[in-house]
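Text of target_30.txt, listed as compact mmCIF, C-alpha atoms:
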# COMPACT_ATOMS: atom_id res chain seq x y z
CA MET A 1 0.59 -62.12 28.51
CA LYS A 2 -1.47 -60.32 31.19
CA LYS A 3 -4.14 -57.76 30.53
CA GLY A 4 -2.64 -54.25 30.13
CA GLU A 5 0.94 -55.54 29.89
CA PHE A 6 3.41 -53.77 27.52
CA GLY A 7 1.43 -50.55 27.37
CA THR A 8 -1.83 -51.93 26.02
CA VAL A 9 -4.51 -49.41 26.90
CA THR A 10 -7.64 -50.92 28.37
CA PRO A 11 -10.85 -49.11 29.22
CA GLY A 12 -9.99 -49.43 32.91
CA ASN A 13 -6.50 -47.95 32.42
CA ALA A 14 -7.94 -45.13 30.32
CA LYS A 15 -10.41 -44.21 33.07
CA LYS A 16 -7.60 -44.14 35.63
CA ILE A 17 -5.45 -41.93 33.39
CA VAL A 18 -8.33 -39.51 32.75
CA GLY A 19 -9.10 -39.38 36.47
CA ILE A 20 -5.50 -38.59 37.34
CA ALA A 21 -5.33 -35.96 34.58
CA LYS A 22 -8.47 -34.26 35.95
CA ILE A 23 -6.79 -33.93 39.34
CA VAL A 24 -3.19 -33.18 38.34
CA GLY A 25 -3.88 -31.12 35.17
CA PRO A 26 -5.36 -28.01 36.83
CA VAL A 27 -2.50 -28.02 39.34
CA LEU A 28 0.26 -28.28 36.73
CA LEU A 29 -1.29 -26.06 34.05
CA PRO A 30 -0.30 -22.69 35.61
CA PHE A 31 3.30 -23.90 35.98
CA ALA A 32 3.39 -25.08 32.37
CA LEU A 33 1.96 -21.77 31.12
CA ARG A 34 4.48 -19.79 33.17
CA ALA A 35 7.33 -21.92 31.79
CA VAL A 36 6.15 -21.38 28.21
CA SER A 37 5.80 -17.65 28.83
CA THR A 38 9.31 -17.44 30.31
CA VAL A 39 10.82 -19.31 27.38
CA ARG A 40 9.02 -17.01 24.92
CA GLU A 41 10.20 -13.85 26.73
CA SER A 42 13.75 -15.15 26.76
CA TYR A 43 13.58 -15.90 23.04
CA ASP A 44 12.18 -12.42 22.30
CA ARG A 45 14.91 -10.75 24.39
CA SER A 46 17.54 -12.77 22.58
CA ARG A 47 16.17 -11.82 19.14
CA ALA A 48 15.89 -8.15 20.14
CA ARG A 49 19.48 -8.13 21.41
CA LYS A 50 20.65 -9.80 18.20
CA LEU A 51 18.85 -7.20 16.06
CA GLY A 52 19.92 -4.33 18.30
CA VAL A 53 16.40 -3.07 18.96
CA PRO A 54 14.19 -2.78 22.05
CA VAL A 55 11.94 -5.79 22.74
CA ASP A 56 8.88 -3.56 22.25
CA ASP A 57 9.97 -2.81 18.66
CA LEU A 58 10.63 -6.45 17.77
CA GLY A 59 7.33 -6.81 15.89
CA LYS A 60 8.41 -4.13 13.42
CA PHE A 61 11.33 -6.21 12.21
CA THR A 62 10.19 -9.56 10.87
CA GLY A 63 10.96 -11.78 7.93
CA HIS A 64 14.22 -12.71 6.26
CA GLY A 65 15.34 -9.08 6.12
CA ALA A 66 14.61 -8.26 9.77
CA SER A 67 18.22 -7.47 10.63
CA LEU A 68 18.56 -5.23 7.58
CA HIS A 69 15.36 -3.37 8.47
CA ALA A 70 16.68 -2.89 12.02
CA ARG A 71 19.99 -1.52 10.71
CA ILE A 72 18.14 0.86 8.39
CA ALA A 73 16.02 2.11 11.29
CA GLY A 74 19.15 2.62 13.39
CA ASP A 75 20.86 4.49 10.57
CA SER A 76 17.82 6.75 10.20
CA VAL A 77 18.05 7.67 13.88
CA ALA A 78 21.78 8.34 13.49
CA LEU A 79 21.08 10.64 10.53
CA ARG A 80 18.55 12.55 12.62
CA ASP A 81 21.19 12.89 15.36
CA LEU A 82 23.73 14.10 12.80
CA ARG A 83 21.34 16.85 11.69
CA GLU A 84 20.68 17.93 15.28
CA GLN A 85 24.30 17.83 16.43
CA SER A 86 25.90 19.60 13.49
CA THR A 87 26.65 23.28 14.01
CA GLY A 88 27.99 26.23 12.08
CA GLU A 89 29.58 25.66 8.71
CA GLU A 90 29.22 21.88 8.77
CA ARG A 91 25.44 22.10 9.32
CA GLY A 92 24.67 22.63 5.62
CA HIS A 93 26.92 19.77 4.54
CA ALA A 94 25.48 17.48 7.22
CA ARG A 95 21.90 18.26 6.18
CA THR A 96 22.68 17.66 2.52
CA TYR A 97 24.37 14.36 3.34
CA ALA A 98 21.54 13.32 5.67
CA ASP A 99 18.92 14.07 3.00
CA GLN A 100 20.79 12.04 0.39
CA ALA A 101 21.43 9.17 2.81
CA GLU A 102 17.78 9.07 3.92
CA ALA A 103 16.67 8.87 0.30
CA ARG A 104 19.09 5.97 -0.18
CA LEU A 105 17.82 4.27 3.00
CA ALA A 106 14.27 4.52 1.66
CA GLN A 107 15.41 2.78 -1.53
CA LEU A 108 17.19 0.11 0.48
CA THR A 109 14.07 -0.46 2.60
CA SER A 110 12.06 -1.02 -0.57
CA ALA A 111 14.73 -3.39 -1.89
CA VAL A 112 14.65 -5.48 1.30
CA ARG A 113 10.85 -5.64 1.17
CA ALA A 114 10.94 -6.70 -2.47
CA ALA A 115 13.56 -9.36 -1.72
CA GLU A 116 11.20 -11.04 0.78
CA ARG A 117 9.24 -12.53 -2.12
CA MET A 118 12.28 -13.62 -4.15
CA PRO A 119 13.67 -17.15 -4.36
CA SER A 120 16.28 -17.84 -1.66
CA PRO A 121 19.47 -17.47 -3.74
CA ARG A 122 18.28 -14.23 -5.26
CA ARG A 123 17.08 -12.90 -1.90
CA ARG A 124 20.45 -13.66 -0.30
CA SER A 125 22.21 -11.87 -3.14
CA ALA A 126 19.97 -8.82 -2.74
CA HIS A 127 20.51 -8.85 1.03
CA ARG A 128 24.30 -8.97 0.54
CA ALA A 129 24.10 -5.94 -1.76
CA VAL A 130 21.97 -4.03 0.75
CA ASP A 131 24.36 -5.06 3.55
CA GLN A 132 27.33 -3.65 1.63
CA GLU A 133 25.52 -0.39 0.94
CA LEU A 134 24.50 -0.07 4.60
CA SER A 135 28.10 -0.70 5.66
CA ARG A 136 29.22 2.14 3.38
CA ILE A 137 26.58 4.50 4.81
CA GLU A 138 27.42 3.51 8.39
CA SER A 139 31.13 4.04 7.77
CA GLU A 140 30.43 7.52 6.38
CA LEU A 141 28.19 8.29 9.37
CA LEU A 142 30.88 7.26 11.82
CA THR A 143 33.40 9.43 10.00
CA ARG A 144 31.03 12.41 10.19
CA PHE A 145 30.59 11.80 13.93
CA GLY A 146 34.39 11.82 14.29
CA VAL A 147 34.84 8.10 14.95
CA PRO A 148 37.81 6.68 13.01
CA THR A 149 36.96 3.62 10.93
CA GLY A 150 39.64 1.24 10.02
Please render this file's structure as structure tokens.
Amino acid sequence: MKKGEFGTVTPGNAKKIVGIAKIVGPVLLPFALRAVSTVRESYDRSRARKLGVPVDDLGKFTGHGASLHARIAGDSVALRDLREQSTGEERGHARTYADQAEARLAQLTSAVRAAERMPSPRRRSAHRAVDQELSRIESELLTRFGVPTG
């Protein structure tokens, strides 16, 4: 067997590798950093699209309950819109409903936060319950905005 055959690293080979790395490394490093940055941005955009939030707000929604927190935030905005858009006789009913729903959303937010520290089966069960309650609230919101739910 010859010296350096089958991948055996010798001091001479190591010096050659280090020398090449000193020359090629600074040239390739910016390209590698740009590639990593592009992959990270793509991942963030994908997560933001999945959660239905702007990329800038992505840091607000983390953990196992991120999607639930994003839905709660979206529902809060919809309740604010309901208050602003309601007129005349329906205004009082809309405000009363919005106040009750916001109180419920605050409870659901606390439940999702508490579930973060629970064991997985229990957390999933809590998240399912919150999901069902959010679906009920969202259905009621759509009905109040005049969108038929079926």
8 Å contact set for segment 48-57 of chain A, only C-alpha atoms, chain neighbours under 4 positions out, as a ChimeraX atom specification: /A:44,61,66-67,70-71
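Nearest-residue note for Gln85 of chain A: choosing from A:Arg144, A:Ala106, A:Ala126, A:Gly59, the minimum distance belongs to A:Arg144, counting all atoms listed in the file.
Closest approach to Ala78 of chain A among A:Pro26, A:Phe145, A:Pro11, A:Val36: A:Phe145, based on only C-alpha atoms.
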List the spatial neighbours of Glu116 of chain A as a PyMOL selection string - criterion: any atom at most 9 Å away, all atoms listed in the file, same-chain residues fewer than 5 positions off excluded. chain A and resi 63-65+111+123
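The interatomic distance for the pair atom CA of Ser110 of chain A and atom CA of Ser135 of chain A works out to 17.2 Å.
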Restricting to all atoms listed in the file, whichever of A:Arg83, A:Arg128, A:His69, A:Arg122 is closest to Thr109 of chain A is A:His69
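Across the model, the gap from atom CA of Leu134 of chain A to atom CA of Val77 of chain A is 13.7 Å.
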Could you work out how far atom CA of Arg104 of chain A lies from atom CA of Ile137 of chain A, giving the answer in Å with one decimal? 9.1 Å
Counting all atoms listed in the file, which residue out of A:Glu41, A:Glu84, A:Asp75, A:Glu89 sits closest to Ala103 of chain A? A:Asp75
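Proximity ranking of A:Thr96, A:Ala101, A:Arg45, A:Thr62 relative to Ser76 of chain A places A:Ala101 first, based on all atoms listed in the file.
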